[in-house]
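Source file: work.cif; contents: mmCIF, C-alpha atoms and all ligand atoms.
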data_input
loop_
_atom_site.group_PDB
_atom_site.id
_atom_site.type_symbol
_atom_site.label_atom_id
_atom_site.label_comp_id
_atom_site.auth_asym_id
_atom_site.auth_seq_id
_atom_site.Cartn_x
_atom_site.Cartn_y
_atom_site.Cartn_z
ATOM 1 C CA MET Z 229 38.130 19.492 -7.084
ATOM 2 C CA PRO Z 230 35.662 18.829 -4.178
ATOM 3 C CA LYS Z 231 35.386 15.164 -3.211
ATOM 4 C CA ALA Z 232 32.001 13.399 -3.425
ATOM 5 C CA PRO Z 233 30.723 12.437 0.068
ATOM 6 C CA ILE Z 234 31.386 8.809 1.003
ATOM 7 C CA SER Z 235 28.134 6.823 0.998
ATOM 8 C CA PRO Z 236 27.418 4.932 4.237
ATOM 9 C CA ILE Z 237 25.737 2.220 2.127
ATOM 10 C CA HIS Z 238 27.690 -0.903 1.193
ATOM 11 C CA PRO Z 239 28.676 -0.694 -2.518
ATOM 12 C CA SER Z 240 27.041 -4.001 -3.505
ATOM 13 C CA ASP Z 241 23.891 -3.628 -1.397
ATOM 14 C CA LYS Z 242 21.677 -1.880 -3.954
ATOM 15 C CA ALA Z 243 22.447 -4.406 -6.706
ATOM 16 C CA ALA Z 244 21.714 -7.287 -4.323
ATOM 17 C CA ALA Z 245 18.385 -5.716 -3.372
ATOM 18 C CA LEU Z 246 17.316 -5.076 -6.957
ATOM 19 C CA ALA Z 247 18.200 -8.667 -7.903
ATOM 20 C CA LEU Z 248 15.919 -9.855 -5.080
ATOM 21 C CA THR Z 249 13.060 -7.421 -5.719
ATOM 22 C CA PRO Z 250 13.381 -5.892 -9.217
ATOM 23 C CA VAL Z 251 11.722 -2.527 -9.953
ATOM 24 C CA SER Z 252 11.267 -0.299 -13.002
ATOM 25 C CA ARG Z 253 13.869 2.371 -13.828
ATOM 26 C CA GLU Z 254 11.381 5.067 -12.745
ATOM 27 C CA THR Z 255 10.860 3.399 -9.354
ATOM 28 C CA GLU Z 256 14.615 2.942 -8.937
ATOM 29 C CA ALA Z 257 15.120 6.685 -9.529
ATOM 30 C CA ARG Z 258 12.464 7.536 -6.915
ATOM 31 C CA LEU Z 259 14.037 5.107 -4.435
ATOM 32 C CA ASP Z 260 17.469 6.697 -5.061
ATOM 33 C CA ARG Z 261 16.030 10.100 -4.118
ATOM 34 C CA TYR Z 262 14.390 8.588 -1.010
ATOM 35 C CA VAL Z 263 17.644 6.908 0.071
ATOM 36 C CA ASP Z 264 19.621 10.154 -0.386
ATOM 37 C CA LEU Z 265 17.079 12.025 1.745
ATOM 38 C CA LEU Z 266 17.023 9.324 4.426
ATOM 39 C CA VAL Z 267 20.823 9.280 4.683
ATOM 40 C CA ALA Z 268 20.869 13.087 5.012
ATOM 41 C CA TRP Z 269 18.161 13.117 7.728
ATOM 42 C CA GLN Z 270 19.606 10.108 9.549
ATOM 43 C CA ALA Z 271 22.402 12.396 10.825
ATOM 44 C CA LYS Z 272 19.882 14.352 12.927
ATOM 45 C CA THR Z 273 16.853 12.012 13.285
ATOM 46 C CA ASN Z 274 17.050 8.310 14.064
ATOM 47 C CA LEU Z 275 15.067 6.839 11.169
ATOM 48 C CA VAL Z 276 16.690 3.386 11.005
ATOM 49 C CA ALA Z 277 18.998 1.553 13.401
ATOM 50 C CA PRO Z 278 22.458 2.959 12.510
ATOM 51 C CA SER Z 279 23.891 -0.570 12.281
ATOM 52 C CA THR Z 280 21.476 -1.327 9.395
ATOM 53 C CA LEU Z 281 22.429 1.699 7.246
ATOM 54 C CA PRO Z 282 25.140 -0.109 5.186
ATOM 55 C CA ASN Z 283 22.475 -2.627 4.124
ATOM 56 C CA LEU Z 284 19.599 -0.164 3.738
ATOM 57 C CA TRP Z 285 18.547 -1.520 0.338
ATOM 58 C CA THR Z 286 18.423 -5.208 1.258
ATOM 59 C CA ARG Z 287 17.415 -4.783 4.893
ATOM 60 C CA HIS Z 288 14.677 -2.170 4.475
ATOM 61 C CA ILE Z 289 13.825 -1.465 0.831
ATOM 62 C CA SER Z 290 13.604 -5.043 -0.462
ATOM 63 C CA ASP Z 291 11.887 -6.053 2.758
ATOM 64 C CA SER Z 292 9.185 -3.496 1.923
ATOM 65 C CA LEU Z 293 9.001 -4.216 -1.836
ATOM 66 C CA GLN Z 294 8.340 -7.921 -1.302
ATOM 67 C CA LEU Z 295 4.827 -7.062 -0.056
ATOM 68 C CA LEU Z 296 3.757 -6.024 -3.569
ATOM 69 C CA SER Z 297 3.714 -9.601 -4.849
ATOM 70 C CA LEU Z 298 1.298 -10.594 -2.050
ATOM 71 C CA ALA Z 299 -1.247 -7.948 -3.102
ATOM 72 C CA PRO Z 300 -0.484 -7.269 -6.772
ATOM 73 C CA SER Z 301 -3.698 -5.411 -7.552
ATOM 74 C CA ALA Z 302 -3.912 -3.381 -4.317
ATOM 75 C CA LYS Z 303 -3.935 0.383 -4.900
ATOM 76 C CA THR Z 304 -4.959 1.893 -1.572
ATOM 77 C CA TRP Z 305 -2.720 0.941 1.311
ATOM 78 C CA VAL Z 306 -2.514 2.068 4.939
ATOM 79 C CA ASP Z 307 0.862 1.736 6.649
ATOM 80 C CA LEU Z 308 0.662 1.846 10.456
ATOM 81 C CA GLY Z 309 3.589 3.438 12.348
ATOM 82 C CA SER Z 310 5.570 4.295 9.210
ATOM 83 C CA GLY Z 311 8.606 5.747 11.054
ATOM 84 C CA GLY Z 312 11.308 6.325 8.433
ATOM 85 C CA GLY Z 313 9.005 5.038 5.671
ATOM 86 C CA PHE Z 314 9.123 1.233 5.732
ATOM 87 C CA PRO Z 315 7.204 -0.161 4.058
ATOM 88 C CA GLY Z 316 4.987 2.876 3.291
ATOM 89 C CA VAL Z 317 7.273 5.249 1.361
ATOM 90 C CA VAL Z 318 8.825 2.369 -0.589
ATOM 91 C CA LEU Z 319 5.361 1.174 -1.657
ATOM 92 C CA ALA Z 320 4.402 4.766 -2.552
ATOM 93 C CA CYS Z 321 7.487 5.004 -4.803
ATOM 94 C CA ALA Z 322 6.731 1.655 -6.444
ATOM 95 C CA LEU Z 323 3.069 2.553 -7.103
ATOM 96 C CA ALA Z 324 3.655 6.178 -8.160
ATOM 97 C CA GLU Z 325 2.859 5.385 -11.814
ATOM 98 C CA THR Z 326 -0.256 3.322 -10.955
ATOM 99 C CA PRO Z 327 -3.423 5.353 -11.624
ATOM 100 C CA GLY Z 328 -5.470 5.819 -8.450
ATOM 101 C CA ALA Z 329 -2.809 4.463 -6.098
ATOM 102 C CA ASN Z 330 -2.430 6.044 -2.658
ATOM 103 C CA ILE Z 331 -0.503 4.915 0.403
ATOM 104 C CA HIS Z 332 -1.643 6.411 3.707
ATOM 105 C CA LEU Z 333 1.237 6.705 6.176
ATOM 106 C CA ILE Z 334 0.178 6.983 9.827
ATOM 107 C CA GLU Z 335 2.873 8.252 12.195
ATOM 108 C CA ARG Z 336 2.436 9.991 15.564
ATOM 109 C CA ASN Z 337 5.988 11.345 15.901
ATOM 110 C CA ALA Z 338 6.047 14.888 14.429
ATOM 111 C CA LYS Z 339 9.695 14.779 13.289
ATOM 112 C CA LYS Z 340 9.216 11.475 11.504
ATOM 113 C CA ALA Z 341 5.959 12.672 9.940
ATOM 114 C CA ALA Z 342 7.847 15.757 8.647
ATOM 115 C CA PHE Z 343 10.453 13.434 7.128
ATOM 116 C CA LEU Z 344 7.746 11.291 5.534
ATOM 117 C CA ARG Z 345 6.127 14.402 3.969
ATOM 118 C CA GLU Z 346 9.489 15.487 2.563
ATOM 119 C CA ALA Z 347 10.140 11.960 1.233
ATOM 120 C CA ILE Z 348 6.783 11.918 -0.560
ATOM 121 C CA ARG Z 349 7.516 15.401 -1.973
ATOM 122 C CA VAL Z 350 11.019 14.701 -3.312
ATOM 123 C CA THR Z 351 10.021 11.376 -4.840
ATOM 124 C CA SER Z 352 6.632 12.583 -6.203
ATOM 125 C CA ALA Z 353 5.322 9.307 -4.794
ATOM 126 C CA ALA Z 354 1.697 8.343 -4.223
ATOM 127 C CA GLY Z 355 1.464 8.938 -0.486
ATOM 128 C CA THR Z 356 -0.551 10.837 2.133
ATOM 129 C CA VAL Z 357 0.974 11.430 5.558
ATOM 130 C CA HIS Z 358 -1.239 11.473 8.662
ATOM 131 C CA LEU Z 359 0.432 12.916 11.760
ATOM 132 C CA ALA Z 360 -1.818 11.017 14.148
ATOM 133 C CA ASP Z 361 -2.226 8.143 16.546
ATOM 134 C CA ILE Z 362 -3.365 4.966 14.789
ATOM 135 C CA GLY Z 363 -6.293 4.517 17.161
ATOM 136 C CA ASP Z 364 -7.619 7.997 16.352
ATOM 137 C CA SER Z 365 -7.129 7.885 12.598
ATOM 138 C CA VAL Z 366 -7.209 4.442 11.018
ATOM 139 C CA ASP Z 367 -10.995 4.226 10.989
ATOM 140 C CA ARG Z 368 -11.355 7.760 9.563
ATOM 141 C CA ILE Z 369 -9.597 7.233 6.247
ATOM 142 C CA ALA Z 370 -12.244 7.712 3.587
ATOM 143 C CA GLY Z 371 -12.943 5.208 0.821
ATOM 144 C CA PRO Z 372 -12.105 1.550 0.387
ATOM 145 C CA ILE Z 373 -8.709 0.258 1.582
ATOM 146 C CA ASP Z 374 -7.117 -2.737 -0.130
ATOM 147 C CA CYS Z 375 -4.244 -3.460 2.209
ATOM 148 C CA VAL Z 376 -3.033 -2.535 5.712
ATOM 149 C CA THR Z 377 0.630 -3.029 6.635
ATOM 150 C CA ALA Z 378 2.891 -2.713 9.683
ATOM 151 C CA ARG Z 379 6.539 -3.412 10.395
ATOM 152 C CA ALA Z 380 8.392 -3.239 13.719
ATOM 153 C CA LEU Z 381 5.398 -1.588 15.389
ATOM 154 C CA ALA Z 382 3.891 -3.858 18.064
ATOM 155 C CA PRO Z 383 3.216 -7.492 18.994
ATOM 156 C CA LEU Z 384 0.827 -9.256 16.629
ATOM 157 C CA HIS Z 385 -2.184 -9.223 18.978
ATOM 158 C CA GLN Z 386 -1.939 -5.409 19.150
ATOM 159 C CA LEU Z 387 -1.415 -5.036 15.398
ATOM 160 C CA ILE Z 388 -4.553 -7.081 14.816
ATOM 161 C CA GLY Z 389 -6.467 -4.718 17.104
ATOM 162 C CA PHE Z 390 -5.156 -1.697 15.156
ATOM 163 C CA ALA Z 391 -6.014 -3.243 11.785
ATOM 164 C CA GLU Z 392 -9.366 -4.777 12.680
ATOM 165 C CA PRO Z 393 -11.533 -1.762 11.622
ATOM 166 C CA VAL Z 394 -10.107 -1.758 8.094
ATOM 167 C CA VAL Z 395 -9.921 -5.545 7.673
ATOM 168 C CA ARG Z 396 -13.592 -5.676 8.723
ATOM 169 C CA LYS Z 397 -14.292 -3.391 5.717
ATOM 170 C CA GLY Z 398 -12.457 -5.701 3.305
ATOM 171 C CA ALA Z 399 -8.736 -4.883 3.522
ATOM 172 C CA LYS Z 400 -6.024 -7.539 3.596
ATOM 173 C CA ALA Z 401 -3.472 -7.215 6.433
ATOM 174 C CA LEU Z 402 0.230 -7.867 5.753
ATOM 175 C CA PHE Z 403 2.473 -7.703 8.823
ATOM 176 C CA LEU Z 404 6.249 -8.085 8.595
ATOM 177 C CA LYS Z 405 7.376 -10.173 11.572
ATOM 178 C CA GLY Z 406 10.548 -11.750 12.934
ATOM 179 C CA GLN Z 407 11.477 -15.197 14.129
ATOM 180 C CA ASP Z 408 9.071 -15.155 17.113
ATOM 181 C CA VAL Z 409 6.016 -15.258 14.876
ATOM 182 C CA GLU Z 410 4.719 -18.597 16.219
ATOM 183 C CA ALA Z 411 4.691 -17.340 19.823
ATOM 184 C CA GLU Z 412 3.032 -14.089 18.705
ATOM 185 C CA LEU Z 413 0.361 -16.051 16.820
ATOM 186 C CA THR Z 414 -0.314 -18.214 19.884
ATOM 187 C CA GLU Z 415 -0.801 -15.074 21.978
ATOM 188 C CA ALA Z 416 -2.956 -13.410 19.308
ATOM 189 C CA THR Z 417 -5.367 -16.341 19.071
ATOM 190 C CA LYS Z 418 -6.295 -15.798 22.747
ATOM 191 C CA TYR Z 419 -8.058 -12.614 21.658
ATOM 192 C CA TRP Z 420 -8.816 -13.006 17.962
ATOM 193 C CA ASN Z 421 -10.313 -15.583 15.626
ATOM 194 C CA ILE Z 422 -7.930 -15.521 12.692
ATOM 195 C CA THR Z 423 -6.820 -17.818 9.872
ATOM 196 C CA PRO Z 424 -3.318 -16.527 9.140
ATOM 197 C CA ARG Z 425 -1.295 -17.355 6.040
ATOM 198 C CA LEU Z 426 2.429 -17.295 6.729
ATOM 199 C CA HIS Z 427 4.925 -16.335 4.018
ATOM 200 C CA SER Z 428 8.637 -16.804 4.555
ATOM 201 C CA SER Z 429 10.458 -13.486 4.044
ATOM 202 C CA ARG Z 430 12.456 -13.274 0.817
ATOM 203 C CA THR Z 431 14.867 -10.816 2.391
ATOM 204 C CA SER Z 432 15.378 -11.927 5.974
ATOM 205 C CA GLY Z 433 16.436 -15.503 6.777
ATOM 206 C CA ASN Z 434 14.205 -15.772 9.838
ATOM 207 C CA GLY Z 435 11.499 -13.251 8.970
ATOM 208 C CA TRP Z 436 7.860 -13.879 8.119
ATOM 209 C CA ILE Z 437 4.933 -12.051 6.608
ATOM 210 C CA VAL Z 438 1.600 -12.698 8.303
ATOM 211 C CA GLU Z 439 -1.343 -12.326 5.912
ATOM 212 C CA LEU Z 440 -4.879 -11.966 7.291
ATOM 213 C CA ASP Z 441 -8.088 -11.556 5.298
ATOM 214 C CA GLN Z 442 -10.465 -11.738 8.235
ATOM 215 C CA ILE Z 443 -10.304 -10.728 11.893
ATOM 216 C CA ASP Z 444 -12.997 -11.462 14.464
ATOM 217 C CA ARG Z 445 -12.755 -10.664 18.147
ATOM 218 C CA ARG Z 446 -13.175 -13.777 20.293
ATOM 219 C CA THR Z 447 -16.154 -13.550 22.568
ATOM 220 C CA SER Z 448 -15.817 -14.288 26.312
ATOM 221 C CA SER Z 449 -12.073 -13.905 26.287
ATOM 222 C CA ALA Z 450 -9.487 -11.591 27.760
ATOM 223 C CA THR Z 451 -8.946 -8.375 25.829
ATOM 224 C CA ALA Z 452 -5.534 -7.657 24.367
ATOM 225 C CA ASP Z 453 -4.806 -5.420 27.379
ATOM 226 C CA GLY Z 454 -5.645 -8.231 29.825
ATOM 227 C CA ASN Z 455 -9.233 -7.385 30.915
ATOM 228 C CA GLN Z 456 -12.078 -9.936 30.814
ATOM 229 C CA VAL Z 457 -14.991 -9.227 28.482
HETATM 230 C C1 LIG Z 501 10.083 1.005 15.512
HETATM 231 S S1 LIG Z 501 9.371 2.185 14.461
HETATM 232 C C2 LIG Z 501 9.163 1.271 12.958
HETATM 233 C C3 LIG Z 501 9.064 2.187 11.779
HETATM 234 C C4 LIG Z 501 8.925 1.509 10.424
HETATM 235 N N1 LIG Z 501 7.634 0.837 10.286
HETATM 236 C C5 LIG Z 501 10.056 0.548 10.147
HETATM 237 O O1 LIG Z 501 9.821 -0.647 10.029
HETATM 238 O O2 LIG Z 501 11.200 1.005 10.048
HETATM 239 C C6 LIG Z 501 7.663 2.323 15.020
HETATM 240 C C7 LIG Z 501 7.049 3.643 14.612
HETATM 241 O O3 LIG Z 501 5.654 3.591 14.915
HETATM 242 C C8 LIG Z 501 5.268 4.832 15.483
HETATM 243 N N2 LIG Z 501 4.112 4.533 16.349
HETATM 244 C C9 LIG Z 501 4.080 3.720 17.452
HETATM 245 N N3 LIG Z 501 2.839 3.654 17.954
HETATM 246 C C10 LIG Z 501 2.063 4.452 17.187
HETATM 247 C C11 LIG Z 501 0.686 4.807 17.225
HETATM 248 N N4 LIG Z 501 -0.135 4.318 18.168
HETATM 249 N N5 LIG Z 501 0.219 5.656 16.283
HETATM 250 C C12 LIG Z 501 1.046 6.166 15.332
HETATM 251 N N6 LIG Z 501 2.364 5.853 15.238
HETATM 252 C C13 LIG Z 501 2.877 5.009 16.155
HETATM 253 C C14 LIG Z 501 6.499 5.323 16.235
HETATM 254 O O4 LIG Z 501 6.494 6.731 16.404
HETATM 255 C C15 LIG Z 501 7.630 4.842 15.332
HETATM 256 O O5 LIG Z 501 7.986 5.822 14.387
#
Take the structure in this file and express it as structure tokens.
Ligand SMILES: C[S@@+](CC[C@H](N)C(=O)[O-])C[C@H]1O[C@@H](n2cnc3c(N)ncnc32)[C@H](O)[C@@H]1O
Amino acid sequence: MPKAPISPIHPSDKAAALALTPVSRETEARLDRYVDLLVAWQAKTNLVAPSTLPNLWTRHISDSLQLLSLAPSAKTWVDLGSGGGFPGVVLACALAETPGANIHLIERNAKKAAFLREAIRVTSAAGTVHLADIGDSVDRIAGPIDCVTARALAPLHQLIGFAEPVVRKGAKALFLKGQDVEAELTEATKYWNITPRLHSSRTSGNGWIVELDQIDRRTSSATADGNQV
């Protein structure tokens, strides 16, 4: 009898993740399909750091799912620099049964965008993939946007610049950040007037989620790329 392939994921990791961030049975089934696809593609495309694969559920999936409780009624999301799909594909799986939900995934790397399209297809999730640079596309997404997200993309002052066009139109920004968040906030306030709310990550001991409801460019200050304005 042929042997089942050995999963690279730690046997207790999924249960730990679902205890931390519970989901419906339908969402769990979609996430299972996403994880299977990601593990298959990971052999040829670097979608997550290989060292994090054994803890994929706690390290990446729960990390993404925790955003839902910070914007429980949000239906239209834009995820900047989605890469292997965190948080965008996970949110699209979780909101697949929500009428009118759509998660826009912006990714400029063609291979990763192809993976994201396949992930949305196999999970029948509520997502739209944009193979594009954020600067060229974020302001062109039609209709109201409730939430803009980013994880492991850029320093906070740059993320704020990327998100500013959609936050100006009413979106909430949720950025997943690491332990250096205070230094990144100090740098960001040189360029932006912001009133951030900081949420301690439920899944990473030293991680934070930065929530912003308003972004205004500071006048008479250096720009985020160092020029005076
Ligand atoms: C380090 S990965 C993080 C991926 C994912 N958000 C995660 O947390 O696993 C950053 C991703 O952002 C994409 N990216 C970087 N700058 C971008 C830009 N200006 N426009 C679109 N995608 C960008 C890269 O191609 C890469 O896939």
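Using all atoms listed in the file, the nearest neighbour of ligand LIG 501 (chain Z) within the list Z:Thr377, Z:Ser235, Z:Gln270, Z:Gln442 is Z:Thr377.
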Shortest interatomic distance to ligand LIG 501 (chain Z) - which of Z:Thr273, Z:Ser428, Z:Asn330, Z:Ser252, counting only C-alpha atoms and all ligand atoms: Z:Thr273
Near ligand LIG 501 (chain Z), 10 Å: chain Z residue rows, closest pairs, only C-alpha atoms and all ligand atoms, as JSON lines:
{"residue": "Z:Asn274", "atom": "CA", "partner": "Z:LIG501", "partner_atom": "O5", "distance": 9.4}
{"residue": "Z:Leu275", "atom": "CA", "partner": "Z:LIG501", "partner_atom": "O2", "distance": 7.1}
{"residue": "Z:Val276", "atom": "CA", "partner": "Z:LIG501", "partner_atom": "O2", "distance": 6.1}
{"residue": "Z:Ala277", "atom": "CA", "partner": "Z:LIG501", "partner_atom": "O2", "distance": 8.5}
{"residue": "Z:Arg287", "atom": "CA", "partner": "Z:LIG501", "partner_atom": "O2", "distance": 9.9}
{"residue": "Z:His288", "atom": "CA", "partner": "Z:LIG501", "partner_atom": "O2", "distance": 7.3}
{"residue": "Z:Ile289", "atom": "CA", "partner": "Z:LIG501", "partner_atom": "O2", "distance": 9.9}
{"residue": "Z:Asp291", "atom": "CA", "partner": "Z:LIG501", "partner_atom": "O1", "distance": 9.3}
{"residue": "Z:Ser292", "atom": "CA", "partner": "Z:LIG501", "partner_atom": "O1", "distance": 8.6}
{"residue": "Z:Asp307", "atom": "CA", "partner": "Z:LIG501", "partner_atom": "N1", "distance": 7.7}
{"residue": "Z:Leu308", "atom": "CA", "partner": "Z:LIG501", "partner_atom": "N6", "distance": 6.5}
{"residue": "Z:Gly309", "atom": "CA", "partner": "Z:LIG501", "partner_atom": "O3", "distance": 3.3}
{"residue": "Z:Ser310", "atom": "CA", "partner": "Z:LIG501", "partner_atom": "N1", "distance": 4.2}
{"residue": "Z:Gly311", "atom": "CA", "partner": "Z:LIG501", "partner_atom": "O5", "distance": 3.4}
{"residue": "Z:Gly312", "atom": "CA", "partner": "Z:LIG501", "partner_atom": "O2", "distance": 5.6}
{"residue": "Z:Gly313", "atom": "CA", "partner": "Z:LIG501", "partner_atom": "C4", "distance": 5.9}
{"residue": "Z:Phe314", "atom": "CA", "partner": "Z:LIG501", "partner_atom": "C5", "distance": 4.6}
{"residue": "Z:Pro315", "atom": "CA", "partner": "Z:LIG501", "partner_atom": "N1", "distance": 6.3}
{"residue": "Z:Gly316", "atom": "CA", "partner": "Z:LIG501", "partner_atom": "N1", "distance": 7.8}
{"residue": "Z:Val317", "atom": "CA", "partner": "Z:LIG501", "partner_atom": "C4", "distance": 9.9}
{"residue": "Z:Leu333", "atom": "CA", "partner": "Z:LIG501", "partner_atom": "N6", "distance": 9.2}
{"residue": "Z:Ile334", "atom": "CA", "partner": "Z:LIG501", "partner_atom": "C12", "distance": 5.6}
{"residue": "Z:Glu335", "atom": "CA", "partner": "Z:LIG501", "partner_atom": "N6", "distance": 3.9}
{"residue": "Z:Arg336", "atom": "CA", "partner": "Z:LIG501", "partner_atom": "C12", "distance": 4.1}
{"residue": "Z:Asn337", "atom": "CA", "partner": "Z:LIG501", "partner_atom": "O4", "distance": 4.7}
{"residue": "Z:Ala338", "atom": "CA", "partner": "Z:LIG501", "partner_atom": "O4", "distance": 8.4}
{"residue": "Z:Lys339", "atom": "CA", "partner": "Z:LIG501", "partner_atom": "O5", "distance": 9.2}
{"residue": "Z:Lys340", "atom": "CA", "partner": "Z:LIG501", "partner_atom": "O5", "distance": 6.5}
{"residue": "Z:Ala341", "atom": "CA", "partner": "Z:LIG501", "partner_atom": "O5", "distance": 8.4}
{"residue": "Z:His358", "atom": "CA", "partner": "Z:LIG501", "partner_atom": "C12", "distance": 8.8}
{"residue": "Z:Leu359", "atom": "CA", "partner": "Z:LIG501", "partner_atom": "C12", "distance": 7.7}
{"residue": "Z:Ala360", "atom": "CA", "partner": "Z:LIG501", "partner_atom": "C12", "distance": 5.8}
{"residue": "Z:Asp361", "atom": "CA", "partner": "Z:LIG501", "partner_atom": "N5", "distance": 3.5}
{"residue": "Z:Ile362", "atom": "CA", "partner": "Z:LIG501", "partner_atom": "N5", "distance": 3.9}
{"residue": "Z:Gly363", "atom": "CA", "partner": "Z:LIG501", "partner_atom": "N4", "distance": 6.2}
{"residue": "Z:Asp364", "atom": "CA", "partner": "Z:LIG501", "partner_atom": "N5", "distance": 8.2}
{"residue": "Z:Ser365", "atom": "CA", "partner": "Z:LIG501", "partner_atom": "N5", "distance": 8.5}
{"residue": "Z:Val366", "atom": "CA", "partner": "Z:LIG501", "partner_atom": "N5", "distance": 9.2}
{"residue": "Z:Thr377", "atom": "CA", "partner": "Z:LIG501", "partner_atom": "N1", "distance": 8.8}
{"residue": "Z:Ala378", "atom": "CA", "partner": "Z:LIG501", "partner_atom": "N1", "distance": 6.0}
{"residue": "Z:Arg379", "atom": "CA", "partner": "Z:LIG501", "partner_atom": "O1", "distance": 4.3}
{"residue": "Z:Ala380", "atom": "CA", "partner": "Z:LIG501", "partner_atom": "C2", "distance": 4.6}
{"residue": "Z:Leu381", "atom": "CA", "partner": "Z:LIG501", "partner_atom": "C6", "distance": 4.5}
{"residue": "Z:Ala382", "atom": "CA", "partner": "Z:LIG501", "partner_atom": "N3", "distance": 7.6}
{"residue": "Z:Gln386", "atom": "CA", "partner": "Z:LIG501", "partner_atom": "N4", "distance": 9.9}
{"residue": "Z:Leu387", "atom": "CA", "partner": "Z:LIG501", "partner_atom": "N4", "distance": 9.8}
{"residue": "Z:Phe390", "atom": "CA", "partner": "Z:LIG501", "partner_atom": "N4", "distance": 8.4}
{"residue": "Z:Leu404", "atom": "CA", "partner": "Z:LIG501", "partner_atom": "O1", "distance": 8.4}
{"residue": "Z:Lys405", "atom": "CA", "partner": "Z:LIG501", "partner_atom": "O1", "distance": 10.0}
Gap from CA of Arg445 (chain Z) to CA of Asn421 (chain Z) - Å, one decimal: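 Distance reported for this atom pair: 6.0 Å.
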Calculated over only C-alpha atoms, which of the candidates Z:Gln407, Z:Thr414, Z:Ser240, Z:Thr351 has the smallest distance to Leu284 (chain Z)?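 Counting only C-alpha atoms, the residue closest to Leu284 (chain Z) is Z:Ser240.
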Just checking: using only C-alpha atoms, which residue out of Z:Leu413, Z:Leu296, Z:Val318, Z:Ile422 ends up closest to Val263 (chain Z)? Z:Val318
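The interatomic distance for the pair CA of Trp420 (chain Z) and CA of Asp444 (chain Z) works out to 5.7 Å.
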Could you name the residues that touch Gly406 (chain Z) at 8 Å or less, counting all atoms listed in the file, but leaving out those on the same chain fewer than 4 positions away, as a ChimeraX atom specification? /Z:434-436
